[in-house]
There are 2 protein chains.
Amino acid sequence: MFRLDGRQNVPIYEQVVRRVKELTLRGVLKPGDKLPTVRELSAMIVANPNTVSKAYQELERSGVIETRPGKGTFVAERIRVEPDERIKADLRERLWPVVVDAVYFGVRLKEFEAWVREAFNELGGESGEPKA
Amino acid sequence: MFRLDGRQNVPIYEQVVRRVKELTLRGVLKPGDKLPTVRELSAMIVANPNTVSKAYQELERSGVIETRPGKGTFVAERIRVEPDERIKADLRERLWPVVVDAVYFGVRLKEFEAWVREAFNELGGESGEPKA
DNA sequence: CTATATGTACTATTATGCATAGTACATATC
DNA sequence: GATATGTACTATGCATAATAGTACATATAG
């Protein structure tokens, strides 16, 4: 469940952050669920507790989880807000180099869009307007 | 033309690589065109010649440019091949975390797809099947 | 209160990547 | 020969990531 893919260029703490985000989006982790303790998770993925703590702190800053001192860390309630322009601009900046390489390698728009749709579906992303 | 956007988290040499790829895709740089010399470009962007050299070497490994010893570096002929599965898998891995955050921030599929289309259009990416 | 588990803070150390400075060299051109 | 090209090399500085180890405030169970 918390197994890391082992991409060496991606920092461990960043991999943890991504993994937890994925699990919450997929619904595997639901609001209120307890996450492994820092020490537990550090043992699972064979890393330093400080590294896991760093990941948890970043996740808390992002509002993904909540830490209750002395108790543990828990998945936070999902707050749905309209993404502001700063966030969108940042996402587009991150998307850009991927598209650059895709175009360079001859990937066609239709195929790339298919990848996007698949990813959205896997993550339960909303495809259109809010459902009322 | 070679001005860097100054994103601090992106290494200089990586910014150069992206910039050259963009310029070739947009058609600003055409096959056979001469690039600035290592020393020239390093002066333009105020960086070390070694840093520019590193970028050029990576671009040559990718087949974007060719270096003729003693003469300079030139834009290579664009070889169009069907991207193999390894490249596609790599691109999808790079796309994935962007989509994760997009979904988390509430970006809808339609808007994200619009971003993709815009990027493809800017880069002259092919939108459908080859034109015969 | 005691013992335990929680996240966190702190210092110190190591490893890696990025960038710089400076020098040098083989190749090509004039 | 002089110059311009990309490249190789060593050395240094700096930031980030990760580790090891210790310690502390908080919460909970006995």
# chains A, B, ... in the order shown; residues from 1 in each chain; ligands from 1

$ calpha_fit_and_write --fixed "chain A" --moving "chain B" --output "tab-separated table (two decimals) with C-alpha atoms, in the first residue's frame"
chain	number	residue	atom	x	y	z
B	1	MET	CA	-0.08	-0.02	0.12
B	2	PHE	CA	2.71	2.37	0.92
B	3	ARG	CA	5.27	0.66	-1.22
B	4	LEU	CA	7.34	3.16	-3.14
B	5	ASP	CA	8.12	2.65	-6.78
B	6	GLY	CA	11.76	3.37	-6.21
B	7	ARG	CA	12.34	6.05	-8.82
B	8	GLN	CA	15.75	7.14	-7.73
B	9	ASN	CA	15.51	10.70	-8.99
B	10	VAL	CA	12.41	11.39	-6.91
B	11	PRO	CA	13.13	12.08	-3.23
B	12	ILE	CA	11.66	9.60	-0.77
B	13	TYR	CA	9.62	12.21	1.06
B	14	GLU	CA	8.17	13.36	-2.25
B	15	GLN	CA	7.19	9.81	-3.13
B	16	VAL	CA	5.38	9.51	0.18
B	17	VAL	CA	3.54	12.75	-0.47
B	18	ARG	CA	2.39	11.58	-3.87
B	19	ARG	CA	1.40	8.17	-2.58
B	20	VAL	CA	-0.80	9.58	0.16
B	21	LYS	CA	-2.44	12.00	-2.25
B	22	GLU	CA	-3.17	9.15	-4.62
B	23	LEU	CA	-4.63	6.96	-1.90
B	24	THR	CA	-6.92	9.72	-0.69
B	25	LEU	CA	-8.08	10.54	-4.22
B	26	ARG	CA	-8.75	6.89	-5.00
B	27	GLY	CA	-10.76	6.65	-1.81
B	28	VAL	CA	-8.51	4.03	-0.29
B	29	LEU	CA	-7.84	6.50	2.48
B	30	LYS	CA	-10.94	8.28	3.67
B	31	PRO	CA	-11.29	11.37	5.85
B	32	GLY	CA	-10.66	10.46	9.47
B	33	ASP	CA	-8.60	7.41	8.64
B	34	LYS	CA	-5.44	7.01	10.63
B	35	LEU	CA	-2.17	6.96	8.80
B	36	PRO	CA	0.77	4.83	9.90
B	37	THR	CA	2.81	6.53	12.57
B	38	VAL	CA	6.01	8.19	11.51
B	39	ARG	CA	8.03	5.38	13.03
B	40	GLU	CA	5.84	2.67	11.56
B	41	LEU	CA	5.96	4.03	8.06
B	42	SER	CA	9.66	4.69	8.26
B	43	ALA	CA	10.11	1.02	9.13
B	44	MET	CA	7.83	-0.11	6.29
B	45	ILE	CA	9.60	1.81	3.56
B	46	VAL	CA	13.00	1.48	5.22
B	47	ALA	CA	13.67	5.15	5.64
B	48	ASN	CA	14.48	7.58	8.37
B	49	PRO	CA	11.66	8.81	10.62
B	50	ASN	CA	12.71	12.36	9.85
B	51	THR	CA	12.14	11.73	6.18
B	52	VAL	CA	8.60	10.51	6.80
B	53	SER	CA	7.99	13.41	9.14
B	54	LYS	CA	9.03	15.78	6.39
B	55	ALA	CA	6.49	14.19	4.07
B	56	TYR	CA	3.74	14.39	6.67
B	57	GLN	CA	4.49	18.03	7.31
B	58	GLU	CA	4.25	18.83	3.65
B	59	LEU	CA	0.99	16.92	3.44
B	60	GLU	CA	-0.36	18.89	6.36
B	61	ARG	CA	0.62	22.19	4.75
B	62	SER	CA	-1.33	21.06	1.71
B	63	GLY	CA	-4.33	20.25	3.88
B	64	VAL	CA	-4.32	16.57	2.96
B	65	ILE	CA	-3.80	15.30	6.48
B	66	GLU	CA	-4.11	16.56	10.05
B	67	THR	CA	-1.78	15.79	12.90
B	68	ARG	CA	-3.16	15.56	16.40
B	69	PRO	CA	-0.20	15.83	18.79
B	70	GLY	CA	0.23	12.66	20.81
B	71	LYS	CA	-2.43	10.80	18.86
B	72	GLY	CA	-1.29	10.47	15.31
B	73	THR	CA	-1.98	11.71	11.82
B	74	PHE	CA	-5.32	11.41	10.09
B	75	VAL	CA	-6.75	12.07	6.67
B	76	ALA	CA	-8.34	15.49	6.59
B	77	GLU	CA	-11.76	16.38	5.31
B	78	ARG	CA	-11.60	17.05	1.63
B	79	ILE	CA	-12.34	20.67	1.05
B	80	ARG	CA	-13.49	21.30	-2.48
B	81	VAL	CA	-12.89	24.80	-3.70
B	82	GLU	CA	-12.45	26.29	-7.10
B	83	PRO	CA	-8.73	26.26	-7.80
B	84	ASP	CA	-7.39	29.80	-7.96
B	85	GLU	CA	-5.35	31.17	-10.82
B	86	ARG	CA	-2.05	30.84	-9.05
B	87	ILE	CA	-2.52	27.13	-8.64
B	88	LYS	CA	-3.65	26.75	-12.23
B	89	ALA	CA	-0.66	28.68	-13.50
B	90	ASP	CA	1.61	26.46	-11.47
B	91	LEU	CA	0.02	23.31	-12.81
B	92	ARG	CA	0.34	24.54	-16.37
B	93	GLU	CA	4.00	25.29	-15.79
B	94	ARG	CA	4.50	21.74	-14.62
B	95	LEU	CA	2.53	20.36	-17.53
B	96	TRP	CA	4.44	22.35	-20.12
B	97	PRO	CA	7.79	20.50	-20.19
B	98	VAL	CA	5.98	17.18	-20.39
B	99	VAL	CA	4.09	18.34	-23.45
B	100	VAL	CA	7.27	19.74	-24.96
B	101	ASP	CA	8.95	16.37	-24.82
B	102	ALA	CA	5.80	14.59	-25.93
B	103	VAL	CA	5.58	16.74	-29.03
B	104	TYR	CA	9.27	16.37	-29.67
B	105	PHE	CA	9.00	12.61	-29.53
B	106	GLY	CA	6.11	12.67	-31.91
B	107	VAL	CA	3.29	11.81	-29.54
B	108	ARG	CA	0.01	12.94	-31.02
B	109	LEU	CA	-2.51	15.07	-29.21
B	110	LYS	CA	-5.15	12.37	-29.27
B	111	GLU	CA	-2.92	9.85	-27.56
B	112	PHE	CA	-1.77	12.35	-24.96
B	113	GLU	CA	-5.35	13.29	-24.21
B	114	ALA	CA	-6.14	9.62	-23.75
B	115	TRP	CA	-3.43	9.44	-21.11
B	116	VAL	CA	-4.94	12.41	-19.36
B	117	ARG	CA	-8.42	10.92	-19.38
B	118	GLU	CA	-7.14	7.61	-18.04
B	119	ALA	CA	-5.34	9.35	-15.20
B	120	PHE	CA	-8.40	11.40	-14.35
B	121	ASN	CA	-10.56	8.30	-14.33
B	122	GLU	CA	-8.16	6.41	-12.09
B	123	LEU	CA	-8.23	9.26	-9.63
B	124	GLY	CA	-11.94	9.83	-9.73
B	125	GLY	CA	-11.47	13.30	-11.14
B	126	GLU	CA	-14.56	15.18	-12.17
B	127	SER	CA	-14.92	15.31	-15.90
B	128	GLY	CA	-17.43	18.09	-16.30
B	129	GLU	CA	-19.37	20.61	-14.36
B	130	PRO	CA	-20.32	20.00	-10.74
B	131	LYS	CA	-23.27	17.68	-10.38
B	132	ALA	CA	-25.58	20.35	-8.91

$ interface_residues --of "chain C" --to "chain A" --cutoff "10 Å" --atoms "only C-alpha atoms (C1' of nucleotides)" --output "PyMOL selection string"
chain C and resi 5-8

$ write_last_selection --atoms "all heavy atoms" --output "JSON list (two decimals), in the first residue's frame"
[["chain", "number", "residue", "atom", "x", "y", "z"],
["C", 5, "DA", "P", 5.00, 1.40, 23.19],
["C", 5, "DA", "OP1", 4.66, 0.08, 22.64],
["C", 5, "DA", "OP2", 6.41, 1.81, 23.35],
["C", 5, "DA", "O5'", 4.27, 2.51, 22.32],
["C", 5, "DA", "C5'", 2.85, 2.50, 22.23],
["C", 5, "DA", "C4'", 2.37, 3.79, 21.59],
["C", 5, "DA", "O4'", 2.57, 4.87, 22.54],
["C", 5, "DA", "C3'", 3.14, 4.17, 20.32],
["C", 5, "DA", "O3'", 2.23, 4.50, 19.28],
["C", 5, "DA", "C2'", 3.97, 5.38, 20.73],
["C", 5, "DA", "C1'", 3.13, 5.97, 21.87],
["C", 5, "DA", "N9", 3.94, 6.72, 22.83],
["C", 5, "DA", "C8", 5.07, 6.29, 23.47],
["C", 5, "DA", "N7", 5.60, 7.19, 24.29],
["C", 5, "DA", "C5", 4.75, 8.27, 24.16],
["C", 5, "DA", "C6", 4.75, 9.54, 24.77],
["C", 5, "DA", "N6", 5.66, 9.95, 25.64],
["C", 5, "DA", "N1", 3.75, 10.40, 24.43],
["C", 5, "DA", "C2", 2.83, 9.99, 23.55],
["C", 5, "DA", "N3", 2.72, 8.82, 22.92],
["C", 5, "DA", "C4", 3.72, 8.00, 23.28],
["C", 6, "DT", "P", 2.74, 4.75, 17.85],
["C", 6, "DT", "OP1", 1.71, 4.23, 16.93],
["C", 6, "DT", "OP2", 4.15, 4.29, 17.74],
["C", 6, "DT", "O5'", 2.72, 6.33, 17.76],
["C", 6, "DT", "C5'", 1.47, 6.99, 17.57],
["C", 6, "DT", "C4'", 1.57, 8.45, 17.89],
["C", 6, "DT", "O4'", 2.13, 8.63, 19.21],
["C", 6, "DT", "C3'", 2.53, 9.24, 17.03],
["C", 6, "DT", "O3'", 1.97, 9.51, 15.77],
["C", 6, "DT", "C2'", 2.67, 10.51, 17.87],
["C", 6, "DT", "C1'", 2.58, 9.97, 19.30],
["C", 6, "DT", "N1", 3.90, 9.98, 20.01],
["C", 6, "DT", "C2", 4.28, 11.11, 20.68],
["C", 6, "DT", "O2", 3.62, 12.11, 20.71],
["C", 6, "DT", "N3", 5.50, 11.03, 21.31],
["C", 6, "DT", "C4", 6.35, 9.93, 21.33],
["C", 6, "DT", "O4", 7.41, 9.96, 21.93],
["C", 6, "DT", "C5", 5.89, 8.78, 20.60],
["C", 6, "DT", "C7", 6.74, 7.55, 20.54],
["C", 6, "DT", "C6", 4.69, 8.85, 19.98],
["C", 7, "DG", "P", 2.90, 9.68, 14.49],
["C", 7, "DG", "OP1", 2.10, 9.43, 13.28],
["C", 7, "DG", "OP2", 4.12, 8.91, 14.75],
["C", 7, "DG", "O5'", 3.25, 11.23, 14.57],
["C", 7, "DG", "C5'", 2.18, 12.18, 14.62],
["C", 7, "DG", "C4'", 2.72, 13.52, 15.08],
["C", 7, "DG", "O4'", 3.41, 13.35, 16.34],
["C", 7, "DG", "C3'", 3.73, 14.15, 14.11],
["C", 7, "DG", "O3'", 3.44, 15.54, 13.96],
["C", 7, "DG", "C2'", 5.08, 13.92, 14.79],
["C", 7, "DG", "C1'", 4.70, 13.92, 16.27],
["C", 7, "DG", "N9", 5.62, 13.10, 17.06],
["C", 7, "DG", "C8", 5.90, 11.77, 16.90],
["C", 7, "DG", "N7", 6.76, 11.30, 17.75],
["C", 7, "DG", "C5", 7.09, 12.40, 18.54],
["C", 7, "DG", "C6", 7.99, 12.51, 19.64],
["C", 7, "DG", "O6", 8.69, 11.62, 20.15],
["C", 7, "DG", "N1", 8.02, 13.80, 20.14],
["C", 7, "DG", "C2", 7.28, 14.86, 19.66],
["C", 7, "DG", "N2", 7.45, 16.03, 20.28],
["C", 7, "DG", "N3", 6.44, 14.77, 18.64],
["C", 7, "DG", "C4", 6.39, 13.52, 18.13],
["C", 8, "DT", "P", 4.30, 16.38, 12.93],
["C", 8, "DT", "OP1", 3.48, 17.52, 12.47],
["C", 8, "DT", "OP2", 4.87, 15.45, 11.95],
["C", 8, "DT", "O5'", 5.48, 16.95, 13.83],
["C", 8, "DT", "C5'", 5.16, 17.71, 14.99],
["C", 8, "DT", "C4'", 6.41, 18.05, 15.75],
["C", 8, "DT", "O4'", 6.97, 16.85, 16.32],
["C", 8, "DT", "C3'", 7.53, 18.67, 14.91],
["C", 8, "DT", "O3'", 7.69, 20.03, 15.28],
["C", 8, "DT", "C2'", 8.77, 17.83, 15.23],
["C", 8, "DT", "C1'", 8.35, 17.05, 16.46],
["C", 8, "DT", "N1", 9.00, 15.72, 16.60],
["C", 8, "DT", "C2", 9.90, 15.51, 17.62],
["C", 8, "DT", "O2", 10.20, 16.37, 18.42],
["C", 8, "DT", "N3", 10.44, 14.24, 17.67],
["C", 8, "DT", "C4", 10.17, 13.19, 16.81],
["C", 8, "DT", "O4", 10.71, 12.11, 16.94],
["C", 8, "DT", "C5", 9.21, 13.47, 15.76],
["C", 8, "DT", "C7", 8.84, 12.41, 14.78],
["C", 8, "DT", "C6", 8.68, 14.71, 15.70]]

$ atom_distance --atom1 "atom C1' of DT3 of chain D" --atom2 "atom C1' of DT27 of chain C"
12.2 Å

$ interface_residues --of "chain D" --to "chain A" --cutoff "8 Å" --atoms "only C-alpha atoms (C1' of nucleotides)" --output "PyMOL selection string"
chain D and resi 17-19+26-27

$ write_last_selection --atoms "C-alpha atoms (C1' of nucleotides)" --output "PDB file, in the first residue's frame"
ATOM      1  C1'  DA D  17      18.210  14.900   0.808  1.00  0.00           C
ATOM      2  C1'  DA D  18      18.872  11.417   3.978  1.00  0.00           C
ATOM      3  C1'  DT D  19      20.717   9.365   7.921  1.00  0.00           C
ATOM      4  C1'  DT D  26       1.412  15.754  24.321  1.00  0.00           C
ATOM      5  C1'  DA D  27      -2.018  12.132  24.710  1.00  0.00           C
TER       6       DA D  27
END

$ select_by_dssp --residues "chain A" --states "alpha helix (DSSP H)" --output "ChimeraX atom specification"
/A:12-26,38-44,49-61,85-104,109-122

$ select_by_dssp --residues "segment 24-132 of chain B" --states "strand (DSSP E)" --output "PyMOL selection string"
chain B and resi 65-68+72-75

$ atom_distance --atom1 "atom C1' of DA25 of chain D" --atom2 "atom C1' of DC10 of chain C"
14.1 Å

$ residues_around --residues "DT2 of chain C" --least-positions-apart "5" --cutoff "12 Å" --atoms "only C-alpha atoms (C1' of nucleotides)" --output "PyMOL selection string"
chain D and resi 28-30

$ residues_around --residues "segment 12-14 of chain D" --least-positions-apart "6" --cutoff "10 Å" --atoms "only C-alpha atoms (C1' of nucleotides)" --output "PDB file with N, CA and C atoms (P, O5', C5', C4', C3', O3' and C1' of nucleotides), in the first residue's frame"
ATOM      1  P    DC C  18      21.709  17.918 -11.317  1.00  0.00           P
ATOM      2  O5'  DC C  18      22.183  19.419 -11.035  1.00  0.00           O
ATOM      3  C5'  DC C  18      21.431  20.217 -10.124  1.00  0.00           C
ATOM      4  C4'  DC C  18      22.143  21.530  -9.881  1.00  0.00           C
ATOM      5  C3'  DC C  18      22.680  22.198 -11.153  1.00  0.00           C
ATOM      6  O3'  DC C  18      22.148  23.512 -11.237  1.00  0.00           O
ATOM      7  C1'  DC C  18      24.341  22.109  -9.447  1.00  0.00           C
ATOM      8  P    DA C  19      22.403  24.371 -12.577  1.00  0.00           P
ATOM      9  O5'  DA C  19      23.713  25.193 -12.226  1.00  0.00           O
ATOM     10  C5'  DA C  19      23.688  26.067 -11.100  1.00  0.00           C
ATOM     11  C4'  DA C  19      25.092  26.540 -10.794  1.00  0.00           C
ATOM     12  C3'  DA C  19      25.872  27.075 -11.986  1.00  0.00           C
ATOM     13  O3'  DA C  19      25.901  28.498 -11.917  1.00  0.00           O
ATOM     14  C1'  DA C  19      27.222  25.767 -10.480  1.00  0.00           C
ATOM     15  P    DT C  20      26.722  29.311 -13.048  1.00  0.00           P
ATOM     16  O5'  DT C  20      28.177  29.468 -12.402  1.00  0.00           O
ATOM     17  C5'  DT C  20      28.310  29.972 -11.074  1.00  0.00           C
ATOM     18  C4'  DT C  20      29.732  29.814 -10.593  1.00  0.00           C
ATOM     19  C3'  DT C  20      30.797  30.360 -11.557  1.00  0.00           C
ATOM     20  O3'  DT C  20      31.336  31.564 -11.044  1.00  0.00           O
ATOM     21  C1'  DT C  20      31.407  28.228 -10.609  1.00  0.00           C
ATOM     22  P    DA C  21      32.266  32.445 -12.008  1.00  0.00           P
ATOM     23  O5'  DA C  21      33.699  31.799 -11.737  1.00  0.00           O
ATOM     24  C5'  DA C  21      34.167  31.646 -10.408  1.00  0.00           C
ATOM     25  C4'  DA C  21      35.602  31.138 -10.424  1.00  0.00           C
ATOM     26  C3'  DA C  21      36.439  31.679 -11.587  1.00  0.00           C
ATOM     27  O3'  DA C  21      37.663  32.208 -11.102  1.00  0.00           O
ATOM     28  C1'  DA C  21      36.518  29.297 -11.531  1.00  0.00           C
TER      29       DA C  21
END
